[in-house]
$ cat target_24.txt   # compact mmCIF, C-alpha atoms and all ligand atoms
# COMPACT_ATOMS: atom_id res chain seq x y z
CA MET A 56 0.00 0.00 0.00
CA ARG A 57 1.48 3.34 -1.08
CA ILE A 58 0.40 6.40 0.90
CA LEU A 59 1.05 10.07 0.21
CA GLY A 60 1.68 11.75 3.59
CA ILE A 61 1.23 15.49 4.14
CA GLU A 62 2.44 17.35 7.25
CA THR A 63 2.03 21.10 7.85
CA SER A 64 1.36 21.37 11.60
CA CYS A 65 4.14 23.88 12.41
CA ASP A 66 6.66 25.64 10.16
CA GLU A 67 7.39 22.72 7.80
CA THR A 68 5.70 21.90 4.52
CA ALA A 69 6.31 18.20 4.07
CA ALA A 70 5.15 15.56 1.61
CA ALA A 71 6.30 11.94 1.37
CA ILE A 72 5.37 8.65 -0.21
CA VAL A 73 5.76 5.56 1.93
CA GLN A 74 5.06 1.97 1.04
CA ASP A 75 3.61 -0.36 3.68
CA GLY A 76 4.45 2.04 6.51
CA ARG A 77 8.17 1.32 6.23
CA ILE A 78 9.70 1.90 2.80
CA VAL A 79 10.24 5.59 2.10
CA LEU A 80 9.93 6.15 -1.67
CA SER A 81 10.40 9.91 -1.29
CA THR A 82 10.37 12.57 1.40
CA ILE A 83 10.36 16.33 0.88
CA ILE A 84 10.63 18.93 3.66
CA ALA A 85 10.53 22.68 3.05
CA SER A 86 10.88 24.83 6.14
CA SER A 87 10.48 28.52 6.94
CA LYS A 88 13.04 28.29 9.79
CA LYS A 89 15.29 30.94 8.17
CA GLU A 90 12.45 33.50 8.12
CA GLN A 91 11.33 32.46 11.62
CA GLU A 92 14.81 33.23 12.99
CA LEU A 93 13.91 36.94 12.69
CA TYR A 94 11.08 36.46 15.20
CA GLY A 95 12.93 34.10 17.57
CA GLY A 96 10.13 31.52 17.17
CA VAL A 97 7.38 30.46 14.81
CA PHE A 98 5.20 33.34 13.60
CA PRO A 99 2.01 31.53 12.50
CA GLU A 100 1.07 33.98 9.74
CA VAL A 101 4.54 33.76 8.16
CA ALA A 102 4.55 29.95 8.42
CA ALA A 103 1.15 29.58 6.74
CA ARG A 104 2.03 31.97 3.88
CA ARG A 105 5.19 30.00 3.09
CA GLN A 106 3.23 26.75 3.31
CA LEU A 107 0.71 28.05 0.78
CA GLU A 108 3.56 28.63 -1.66
CA CYS A 109 5.32 25.33 -0.93
CA ILE A 110 2.56 22.76 -0.62
CA VAL A 111 1.91 22.06 -4.32
CA PRO A 112 5.63 21.95 -5.31
CA ALA A 113 6.36 19.67 -2.30
CA ILE A 114 3.67 17.17 -3.34
CA HIS A 115 4.84 17.34 -6.98
CA GLN A 116 8.43 16.64 -5.98
CA ALA A 117 7.42 13.76 -3.69
CA LEU A 118 5.58 12.10 -6.62
CA GLU A 119 8.40 12.83 -9.05
CA ARG A 120 11.16 11.46 -6.78
CA ALA A 121 9.14 8.32 -6.10
CA ARG A 122 8.54 8.03 -9.89
CA LEU A 123 4.95 7.30 -9.11
CA PRO A 124 1.89 8.15 -11.20
CA THR A 125 -1.02 9.20 -9.00
CA SER A 126 -2.94 6.11 -10.17
CA HIS A 127 -0.47 4.01 -8.11
CA LEU A 128 -1.28 5.83 -4.86
CA ASP A 129 -3.64 3.95 -2.55
CA ALA A 130 -4.48 6.69 -0.03
CA ILE A 131 -3.58 10.12 1.33
CA ALA A 132 -2.74 10.69 5.00
CA VAL A 133 -2.61 14.16 6.51
CA THR A 134 -1.84 15.58 9.96
CA LYS A 135 -5.27 16.63 11.30
CA GLY A 136 -3.79 18.28 14.44
CA PRO A 137 -2.63 19.44 16.87
CA GLY A 138 -0.67 22.43 15.60
CA LEU A 139 -1.05 25.96 14.27
CA LEU A 140 -4.50 26.16 12.72
CA PRO A 141 -3.59 28.29 9.65
CA SER A 142 -0.72 25.87 8.91
CA LEU A 143 -2.81 22.75 9.43
CA LEU A 144 -5.50 24.15 7.14
CA VAL A 145 -3.05 24.50 4.24
CA GLY A 146 -2.13 20.79 4.40
CA ASN A 147 -5.67 19.68 5.10
CA MET A 148 -7.20 21.68 2.24
CA ALA A 149 -4.59 20.27 -0.16
CA ALA A 150 -5.17 16.71 1.08
CA ARG A 151 -8.97 16.98 0.98
CA THR A 152 -8.90 18.49 -2.53
CA LEU A 153 -6.51 15.87 -3.94
CA ALA A 154 -8.41 13.01 -2.29
CA SER A 155 -11.58 14.24 -3.96
CA VAL A 156 -10.03 14.90 -7.41
CA TRP A 157 -7.93 11.70 -7.49
CA LYS A 158 -10.69 9.67 -5.78
CA LYS A 159 -8.41 8.36 -3.01
CA PRO A 160 -9.38 7.52 0.56
CA LEU A 161 -8.23 10.11 3.11
CA ILE A 162 -6.80 9.35 6.56
CA GLY A 163 -6.59 11.99 9.32
CA VAL A 164 -3.53 11.32 11.50
CA HIS A 165 -2.79 12.77 14.95
CA HIS A 166 0.65 14.43 14.82
CA THR A 167 1.94 12.54 17.88
CA LEU A 168 0.91 9.19 16.38
CA GLY A 169 3.18 10.08 13.44
CA HIS A 170 6.12 10.53 15.85
CA LEU A 171 5.21 7.30 17.70
CA ASP A 172 5.33 5.36 14.40
CA SER A 173 8.51 7.04 13.07
CA PRO A 174 10.82 4.17 14.22
CA TRP A 175 9.18 1.89 11.62
CA LEU A 176 10.54 4.00 8.74
CA GLU A 177 13.32 2.00 7.05
CA CYS A 178 13.67 -0.03 10.25
CA GLY A 179 14.78 -3.39 8.81
CA GLU A 180 13.46 -5.66 11.56
CA ASP A 181 10.08 -4.52 12.91
CA PRO A 182 9.91 -3.27 16.52
CA ALA A 183 8.30 -5.67 18.99
CA PHE A 184 5.31 -4.72 21.16
CA PRO A 185 4.72 -4.06 24.03
CA LEU A 186 7.10 -1.13 24.07
CA LEU A 187 7.69 2.21 25.77
CA THR A 188 7.91 5.37 23.68
CA LEU A 189 9.14 8.71 24.94
CA SER A 190 7.93 11.31 22.46
CA VAL A 191 9.74 14.60 23.00
CA SER A 192 9.15 17.54 20.70
CA GLY A 193 8.57 21.28 20.80
CA GLY A 194 4.84 20.80 21.35
CA HIS A 195 4.55 17.74 23.57
CA THR A 196 6.40 15.40 25.96
CA GLU A 197 4.65 12.08 26.51
CA LEU A 198 5.66 8.66 27.73
CA TRP A 199 3.55 5.84 26.25
CA LEU A 200 3.17 2.14 26.89
CA ARG A 201 2.10 0.75 23.50
CA GLU A 202 0.53 -2.65 22.90
CA SER A 203 0.04 -2.10 19.18
CA HIS A 204 -0.04 0.83 16.76
CA THR A 205 -3.55 1.71 17.90
CA LYS A 206 -3.59 0.51 21.52
CA GLY A 207 -1.69 2.03 24.39
CA LYS A 208 -1.79 4.40 27.33
CA VAL A 209 0.04 7.50 28.48
CA LEU A 210 2.16 6.82 31.58
CA GLY A 211 3.28 10.42 31.96
CA ARG A 212 3.31 13.76 30.24
CA THR A 213 4.62 17.25 30.87
CA LEU A 214 2.67 19.36 33.33
CA ASP A 215 3.83 22.60 31.68
CA ASP A 216 6.44 23.20 28.93
CA ALA A 217 7.49 20.50 26.46
CA ALA A 218 11.13 19.30 26.50
CA GLY A 219 11.82 20.96 23.12
CA GLU A 220 10.27 24.17 24.42
CA ALA A 221 12.67 24.04 27.39
CA PHE A 222 15.60 23.72 24.96
CA ASP A 223 14.22 26.59 22.85
CA LYS A 224 13.55 28.91 25.80
CA GLY A 225 16.91 28.07 27.40
CA ALA A 226 18.60 28.82 24.07
CA THR A 227 16.87 32.21 23.84
CA LEU A 228 18.10 33.08 27.35
CA LEU A 229 21.61 32.10 26.25
CA GLY A 230 21.36 34.37 23.20
CA LEU A 231 21.20 31.52 20.67
CA PRO A 232 19.15 31.60 17.45
CA TYR A 233 15.88 29.74 16.79
CA PRO A 234 15.40 26.76 16.73
CA GLY A 235 17.22 26.55 20.02
CA GLY A 236 17.56 22.79 20.57
CA PRO A 237 20.31 22.08 18.04
CA ALA A 238 22.08 25.39 18.85
CA LEU A 239 22.06 24.75 22.62
CA SER A 240 23.26 21.19 22.20
CA ALA A 241 26.11 22.35 19.89
CA LEU A 242 27.17 24.94 22.51
CA ALA A 243 26.98 22.29 25.24
CA GLU A 244 29.39 19.98 23.42
CA LYS A 245 32.51 21.58 24.91
CA GLY A 246 30.93 22.44 28.25
CA ASN A 247 31.10 20.76 31.64
CA PRO A 248 27.66 19.28 32.46
CA ALA A 249 28.43 19.25 36.20
CA SER A 250 29.41 22.92 36.49
CA VAL A 251 26.02 24.47 37.33
CA ARG A 252 23.58 22.71 39.67
CA PHE A 253 20.03 23.28 38.47
CA PRO A 254 17.25 21.93 40.70
CA SER A 255 15.93 18.55 39.47
CA PRO A 256 12.29 18.98 38.36
CA LEU A 257 9.57 17.07 40.28
CA GLU A 258 12.07 15.50 42.69
CA GLY A 259 10.33 13.06 45.01
CA HIS A 260 7.31 12.87 42.70
CA ASP A 261 6.18 9.25 42.23
CA GLY A 262 4.64 9.27 38.78
CA CYS A 263 6.23 9.48 35.33
CA ASP A 264 5.19 13.08 34.64
CA PHE A 265 7.58 15.82 33.59
CA SER A 266 7.96 19.54 34.25
CA PHE A 267 10.33 22.02 32.60
CA ALA A 268 9.00 25.49 33.36
CA GLY A 269 10.88 25.78 36.70
CA LEU A 270 14.14 24.84 35.05
CA LYS A 271 13.84 27.68 32.55
CA THR A 272 13.12 30.10 35.44
CA SER A 273 16.21 28.80 37.31
CA LEU A 274 18.35 29.56 34.27
CA LYS A 275 16.85 33.02 33.99
CA TYR A 276 17.63 33.85 37.66
CA MET A 277 21.08 32.25 37.48
CA LEU A 278 21.98 34.53 34.56
CA ARG A 279 20.54 37.56 36.36
CA ASP A 280 22.49 36.78 39.56
CA ARG A 281 25.73 36.51 37.61
CA GLY A 282 25.25 39.95 36.08
CA GLY A 283 23.54 38.95 32.83
CA LEU A 284 24.58 36.93 29.80
CA LEU A 285 27.23 39.46 28.75
CA ALA A 286 29.10 38.94 32.04
CA LEU A 287 29.66 35.25 31.21
CA SER A 288 32.84 34.08 29.46
CA GLU A 289 32.49 31.82 26.40
CA GLN A 290 33.48 28.81 28.52
CA GLU A 291 30.94 29.74 31.22
CA LYS A 292 28.24 29.86 28.52
CA ARG A 293 29.25 26.39 27.29
CA ASP A 294 29.22 25.07 30.86
CA THR A 295 25.79 26.58 31.52
CA ALA A 296 24.38 25.09 28.29
CA ALA A 297 25.86 21.67 29.10
CA SER A 298 24.44 21.71 32.66
CA PHE A 299 21.02 22.87 31.47
CA GLN A 300 20.92 20.12 28.82
CA GLU A 301 22.10 17.55 31.35
CA THR A 302 19.25 18.43 33.74
CA ILE A 303 16.66 18.06 30.96
CA CYS A 304 18.15 14.71 29.91
CA ALA A 305 18.36 13.41 33.50
CA HIS A 306 14.71 14.34 34.09
CA LEU A 307 13.59 12.54 30.90
CA LEU A 308 15.66 9.47 31.80
CA SER A 309 14.23 9.32 35.32
CA GLY A 310 10.76 9.09 33.70
CA ILE A 311 11.94 6.18 31.54
CA SER A 312 13.51 4.39 34.54
CA LYS A 313 10.27 4.67 36.52
CA ALA A 314 8.23 3.48 33.54
CA LEU A 315 10.47 0.45 33.04
CA LYS A 316 9.95 -0.53 36.68
CA LEU A 317 6.18 -0.18 36.25
CA CYS A 318 6.16 -2.06 32.93
CA PRO A 319 8.79 -4.84 32.99
CA GLU A 320 7.01 -6.42 30.02
CA ALA A 321 8.28 -3.64 27.68
CA ARG A 322 10.55 -5.21 25.06
CA GLU A 323 11.86 -2.00 23.55
CA VAL A 324 12.29 1.68 24.44
CA HIS A 325 11.73 4.19 21.66
CA LEU A 326 12.89 7.80 21.68
CA VAL A 327 11.10 9.94 19.08
CA GLY A 328 10.28 13.59 18.23
CA GLY A 329 12.58 16.55 17.58
CA VAL A 330 14.47 16.23 20.88
CA SER A 331 15.35 12.60 20.07
CA ALA A 332 17.92 14.12 17.66
CA ASN A 333 19.89 15.18 20.76
CA THR A 334 23.06 13.10 20.88
CA ARG A 335 23.65 13.58 24.63
CA LEU A 336 20.14 12.25 25.41
CA ARG A 337 20.74 9.23 23.15
CA LYS A 338 24.09 8.51 24.81
CA LEU A 339 22.70 8.76 28.35
CA LEU A 340 19.74 6.52 27.43
CA THR A 341 22.10 3.91 25.98
CA GLU A 342 24.17 4.01 29.18
CA LEU A 343 21.07 3.70 31.36
CA LEU A 344 19.72 0.69 29.47
CA SER A 345 23.03 -1.14 29.32
CA ARG A 346 23.26 -1.11 33.12
CA GLY A 347 22.25 -4.04 35.33
CA SER A 348 18.96 -5.71 34.59
CA LEU A 349 17.67 -2.97 32.27
CA ARG A 350 18.59 -4.75 29.03
CA THR A 351 15.92 -3.44 26.72
CA ARG A 352 16.41 -2.64 23.05
CA ILE A 353 16.55 1.09 22.24
CA ARG A 354 15.35 2.57 18.99
CA THR A 355 15.42 6.07 17.64
CA PRO A 356 14.21 7.00 14.13
CA THR A 357 16.72 5.61 11.59
CA ARG A 358 17.48 9.07 10.15
CA MET A 359 17.73 12.45 11.89
CA GLU A 360 15.12 13.87 9.51
CA TYR A 361 12.60 11.34 10.84
CA CYS A 362 13.09 12.75 14.39
CA THR A 363 11.88 16.25 13.57
CA ASP A 364 8.59 16.93 11.77
CA ASN A 365 8.26 15.09 8.46
CA ALA A 366 5.53 13.63 6.27
CA ALA A 367 6.94 10.09 6.03
CA MET A 368 5.93 9.41 9.65
CA ILE A 369 2.39 10.60 8.87
CA ALA A 370 2.15 8.25 5.87
CA ALA A 371 3.48 5.40 8.07
CA ALA A 372 0.97 6.10 10.86
CA GLY A 373 -1.80 6.25 8.22
CA TYR A 374 -0.77 2.82 6.94
CA PHE A 375 -0.82 1.22 10.41
CA LEU A 376 -4.21 2.81 11.15
CA VAL A 377 -5.58 1.08 8.04
CA GLU A 378 -3.83 -2.18 8.95
CA GLU A 379 -5.33 -2.26 12.46
CA ARG A 380 -8.62 -0.39 12.06
CA GLY A 381 -9.57 -1.24 8.46
CA GLU A 382 -12.17 1.02 6.84
CA ASP A 383 -12.60 2.99 10.11
CA ALA A 384 -9.26 4.65 9.33
CA PHE A 385 -11.03 6.49 6.49
CA ASP A 386 -13.68 8.05 8.76
CA THR A 387 -14.32 11.76 8.30
CA PHE A 388 -12.39 14.00 10.68
CA SER A 389 -12.07 17.65 11.60
CA THR A 390 -8.89 19.70 11.47
CA GLU A 391 -8.09 20.92 14.98
CA ALA A 392 -5.41 23.03 16.65
CA SER A 393 -5.84 21.16 19.97
CA ILE A 394 -6.64 17.49 19.91
CA VAL A 395 -5.65 14.77 22.37
CA LEU A 396 -4.41 11.41 21.09
CA HIS A 397 -6.49 8.50 22.41
CA LEU A 398 -5.34 4.97 21.67
O1 LIG A 401 9.12 17.18 16.52
P1 LIG A 401 9.52 18.55 16.18
O2 LIG A 401 10.23 18.78 14.87
O3 LIG A 401 8.29 19.53 16.15
C1 LIG A 401 7.24 19.48 17.06
O4 LIG A 401 6.39 18.57 16.93
O5 LIG A 401 7.28 20.33 17.97
O6 LIG A 401 10.41 19.10 17.39
C2 LIG A 401 11.00 20.36 17.36
C3 LIG A 401 11.73 20.58 18.68
C4 LIG A 401 12.25 21.98 18.85
O7 LIG A 401 11.90 22.42 20.14
C5 LIG A 401 13.76 21.83 18.69
O8 LIG A 401 14.50 22.78 19.42
C6 LIG A 401 13.97 20.42 19.24
O9 LIG A 401 12.86 19.69 18.75
N1 LIG A 401 15.22 19.83 18.76
C7 LIG A 401 16.25 19.53 19.58
C8 LIG A 401 17.30 19.04 18.74
N2 LIG A 401 16.85 19.07 17.45
C9 LIG A 401 15.58 19.55 17.48
N3 LIG A 401 16.39 19.63 20.91
C10 LIG A 401 17.55 19.24 21.44
N4 LIG A 401 18.60 18.79 20.73
C11 LIG A 401 18.53 18.67 19.38
N5 LIG A 401 19.55 18.21 18.69
ZN ZN A 402 6.42 17.02 15.84

$ encode --input "target_24.txt" --output "structure tokens" --more "lines below"
Ligand code: KG4
Ligand code: ZN
Amino acid sequence: MRILGIETSCDETAAAIVQDGRIVLSTIIASSKKEQELYGGVFPEVAARRQLECIVPAIHQALERARLPTSHLDAIAVTKGPGLLPSLLVGNMAARTLASVWKKPLIGVHHTLGHLDSPWLECGEDPAFPLLTLSVSGGHTELWLRESHTKGKVLGRTLDDAAGEAFDKGATLLGLPYPGGPALSALAEKGNPASVRFPSPLEGHDGCDFSFAGLKTSLKYMLRDRGGLLALSEQEKRDTAASFQETICAHLLSGISKALKLCPEAREVHLVGGVSANTRLRKLLTELLSRGSLRTRIRTPTRMEYCTDNAAMIAAAGYFLVEERGEDAFDTFSTEASIVLHL
């Protein structure tokens, strides 16, 4: 089954064609990140205008690179939400129009389900359920126990900011450009992660929830108390970035440790979403799971571009919805800025 995936929930305009949820025939991602740098974040109006210009060329290129006539497409899958409404509407209007003109079934996919299914893209051997997935992006931070593609429960989620948001806000405080995650982690590379002691979020809390807002405030006050960012040497900035990143990673890993104790049946641990591109987080997770009795297979998306927003993951999630829910996957749906994923 070949599915055209379309993703426009934030500042990307993405189109991809994926066969059987795993084989990526093409994937195109156009982004307005350069323009967004001017605003220090995503300006919805600017994102949607760029998406209007890019959506048709992106779909054209995806078809061309896959060398696929539209008659060989079996369905279209589109991110129905959550996200920026003007952006979502661009992708959804394109998908609805093409589905009607080409007479293809249309699948509405929750954005987070796309991230949860991203490890299947070009995976070789299929992941084995039940498994734990930590999905960490700029918009959400959720820890799932999954029994199948369409069955699972949330074990924990952030009570305030998302992990990616913490990276982005921390980066802004450190004078780094948007998007902050990659910039902060690059600065942290030559820093000492033990140099600044930030308070550990939700210490003593039993559940697997997360919280990042306090950490950002700690960084803000730490910089103020030291006389502002300009008073810091280059090495002090690197050390601060490394310590800030380390605290975020440690907090995420403590959630995974607790979840593994609660769910010893989990056969794999997946790390997905934009923040899963973070090499320090990957390294610390590998170290954690190679210790003692915690010998569980780790997977991250097979390519960095499948960590951050892309359309291949939406096509994959669409495929697995059809595989497990049959015709129900083609039910009508509304396009929504806020929508909770229920499995
Ligand atoms: O999944 P994604 O592309 O979009 C959302 O669904 O939000 O995630 C984007 C987030 C941003 O907050 C970005 O700063 C963060 O992922 N990110 C990173 C890295 N690469 C992207 N955070 C930390 N380290 C990275 N290498
Ligand atoms: Zn995302």

$ residues_around --input "target_24.txt" --residues "A:Leu396" --least-positions-apart "4" --cutoff "9 Å" --atoms "only C-alpha atoms" --output "list in words"
His165, His166, Thr167 and Leu168 of chain A

$ residues_around --input "target_24.txt" --residues "stretch 208-219 of chain A" --least-positions-apart "2" --cutoff "9 Å" --atoms "all atoms listed in the file" --output "PyMOL selection string"
chain A and resi 191-202+206+221-224+235-236+262-268+303+307+310+314+328-330+397-398

$ write_last_selection --input "target_24.txt" --atoms "C-alpha atoms" --output "PDB file, in the coordinates of the input"
ATOM      1  CA  VAL A 191       9.740  14.600  23.000  1.00  0.00           C
ATOM      2  CA  SER A 192       9.150  17.540  20.700  1.00  0.00           C
ATOM      3  CA  GLY A 193       8.570  21.280  20.800  1.00  0.00           C
ATOM      4  CA  GLY A 194       4.840  20.800  21.350  1.00  0.00           C
ATOM      5  CA  HIS A 195       4.550  17.740  23.570  1.00  0.00           C
ATOM      6  CA  THR A 196       6.400  15.400  25.960  1.00  0.00           C
ATOM      7  CA  GLU A 197       4.650  12.080  26.510  1.00  0.00           C
ATOM      8  CA  LEU A 198       5.660   8.660  27.730  1.00  0.00           C
ATOM      9  CA  TRP A 199       3.550   5.840  26.250  1.00  0.00           C
ATOM     10  CA  LEU A 200       3.170   2.140  26.890  1.00  0.00           C
ATOM     11  CA  ARG A 201       2.100   0.750  23.500  1.00  0.00           C
ATOM     12  CA  GLU A 202       0.530  -2.650  22.900  1.00  0.00           C
ATOM     13  CA  LYS A 206      -3.590   0.510  21.520  1.00  0.00           C
ATOM     14  CA  ALA A 221      12.670  24.040  27.390  1.00  0.00           C
ATOM     15  CA  PHE A 222      15.600  23.720  24.960  1.00  0.00           C
ATOM     16  CA  ASP A 223      14.220  26.590  22.850  1.00  0.00           C
ATOM     17  CA  LYS A 224      13.550  28.910  25.800  1.00  0.00           C
ATOM     18  CA  GLY A 235      17.220  26.550  20.020  1.00  0.00           C
ATOM     19  CA  GLY A 236      17.560  22.790  20.570  1.00  0.00           C
ATOM     20  CA  GLY A 262       4.640   9.270  38.780  1.00  0.00           C
ATOM     21  CA  CYS A 263       6.230   9.480  35.330  1.00  0.00           C
ATOM     22  CA  ASP A 264       5.190  13.080  34.640  1.00  0.00           C
ATOM     23  CA  PHE A 265       7.580  15.820  33.590  1.00  0.00           C
ATOM     24  CA  SER A 266       7.960  19.540  34.250  1.00  0.00           C
ATOM     25  CA  PHE A 267      10.330  22.020  32.600  1.00  0.00           C
ATOM     26  CA  ALA A 268       9.000  25.490  33.360  1.00  0.00           C
ATOM     27  CA  ILE A 303      16.660  18.060  30.960  1.00  0.00           C
ATOM     28  CA  LEU A 307      13.590  12.540  30.900  1.00  0.00           C
ATOM     29  CA  GLY A 310      10.760   9.090  33.700  1.00  0.00           C
ATOM     30  CA  ALA A 314       8.230   3.480  33.540  1.00  0.00           C
ATOM     31  CA  GLY A 328      10.280  13.590  18.230  1.00  0.00           C
ATOM     32  CA  GLY A 329      12.580  16.550  17.580  1.00  0.00           C
ATOM     33  CA  VAL A 330      14.470  16.230  20.880  1.00  0.00           C
ATOM     34  CA  HIS A 397      -6.490   8.500  22.410  1.00  0.00           C
ATOM     35  CA  LEU A 398      -5.340   4.970  21.670  1.00  0.00           C
TER      36      LEU A 398
END

$ atom_distance --input "target_24.txt" --atom1 "atom CA of A:Trp175" --atom2 "atom CA of A:Ala113"
22.8 Å

$ closest_residue --input "target_24.txt" --among "A:Leu123, A:Val97, A:Ala372, A:Ala70" --to "ligand LIG 401 (chain A)" --atoms "all atoms listed in the file"
A:Val97

$ closest_residue --input "target_24.txt" --among "A:Ala132, A:Ile84, A:Ile162, A:Ile72" --to "ligand LIG 401 (chain A)" --atoms "all atoms listed in the file"
A:Ile84

$ residues_around --input "target_24.txt" --residues "A:Arg104" --least-positions-apart "3" --cutoff "12 Å" --atoms "all atoms listed in the file" --output "number ranges by chain"
A: 63, 65-68, 86-87, 90, 98-101, 107-110, 141-146

$ atom_distance --input "target_24.txt" --atom1 "atom CA of A:Ala226" --atom2 "atom CA of A:Thr355"
23.9 Å

$ closest_residue --input "target_24.txt" --among "A:Thr387, A:Thr363, A:Asn247, A:Ser81" --to "ligand LIG 401 (chain A)" --atoms "only C-alpha atoms and all ligand atoms"
A:Thr363

$ residues_near_point --input "target_24.txt" --point "(-1.7, 18.2, 16.0)" --cutoff "8 Å" --atoms "only C-alpha atoms" --output "list in words"
Ser64, Thr134, Lys135, Gly136, Pro137, Gly138, Leu139, His165, His166, Thr167, Glu391, Ala392, Ser393 and Ile394 of chain A

$ write_last_selection --input "target_24.txt" --atoms "C-alpha atoms" --output "CSV table (one decimal), in the coordinates of the input"
chain,number,residue,atom,x,y,z
A,64,SER,CA,1.4,21.4,11.6
A,134,THR,CA,-1.8,15.6,10.0
A,135,LYS,CA,-5.3,16.6,11.3
A,136,GLY,CA,-3.8,18.3,14.4
A,137,PRO,CA,-2.6,19.4,16.9
A,138,GLY,CA,-0.7,22.4,15.6
A,139,LEU,CA,-1.0,26.0,14.3
A,165,HIS,CA,-2.8,12.8,15.0
A,166,HIS,CA,0.6,14.4,14.8
A,167,THR,CA,1.9,12.5,17.9
A,391,GLU,CA,-8.1,20.9,15.0
A,392,ALA,CA,-5.4,23.0,16.6
A,393,SER,CA,-5.8,21.2,20.0
A,394,ILE,CA,-6.6,17.5,19.9

$ closest_residue --input "target_24.txt" --among "A:Leu118, A:Ala150, A:Ala296, A:Leu128" --to "ligand LIG 401 (chain A)" --atoms "only C-alpha atoms and all ligand atoms"
A:Ala296

$ atom_distance --input "target_24.txt" --atom1 "atom N2 of ligand LIG 401 (chain A)" --atom2 "atom CA of A:Ser331"
7.1 Å

$ closest_residue --input "target_24.txt" --among "A:Leu176, A:Leu187, A:Leu171, A:Leu376" --to "ligand ZN 402 (chain A)" --atoms "all atoms listed in the file"
A:Leu171

$ axis_aligned_box --input "target_24.txt" --around "ligand LIG 401 (chain A)" --padding-each-side "3 Å" --output "JSON"
{"center_x": 13.0, "center_y": 20.0, "center_z": 18.2, "size_x": 19.2, "size_y": 11.6, "size_z": 12.6}

$ closest_residue --input "target_24.txt" --among "A:Cys362, A:Val395, A:Leu278, A:Ala370" --to "ligand ZN 402 (chain A)" --atoms "only C-alpha atoms and all ligand atoms"
A:Cys362

$ residues_around --input "target_24.txt" --residues "A:Glu320" --least-positions-apart "3" --cutoff "9 Å" --atoms "all atoms listed in the file" --output "JSON list (two decimals) with C-alpha atoms, keeping the file's coordinate frame"
[["chain", "number", "residue", "atom", "x", "y", "z"],
["A", 185, "PRO", "CA", 4.72, -4.06, 24.03],
["A", 186, "LEU", "CA", 7.10, -1.13, 24.07],
["A", 315, "LEU", "CA", 10.47, 0.45, 33.04],
["A", 317, "LEU", "CA", 6.18, -0.18, 36.25]]

$ residues_around --input "target_24.txt" --residues "A:Glu301" --least-positions-apart "2" --cutoff "10 Å" --atoms "all atoms listed in the file" --output "list in words"
Ser240, Ala243, Asn247, Pro248, Ala249, Val251, Arg252, Phe253, Thr295, Ala296, Ala297, Ser298, Phe299, Ile303, Cys304, Ala305, His306, Leu307, Arg335, Leu336 and Leu339 of chain A
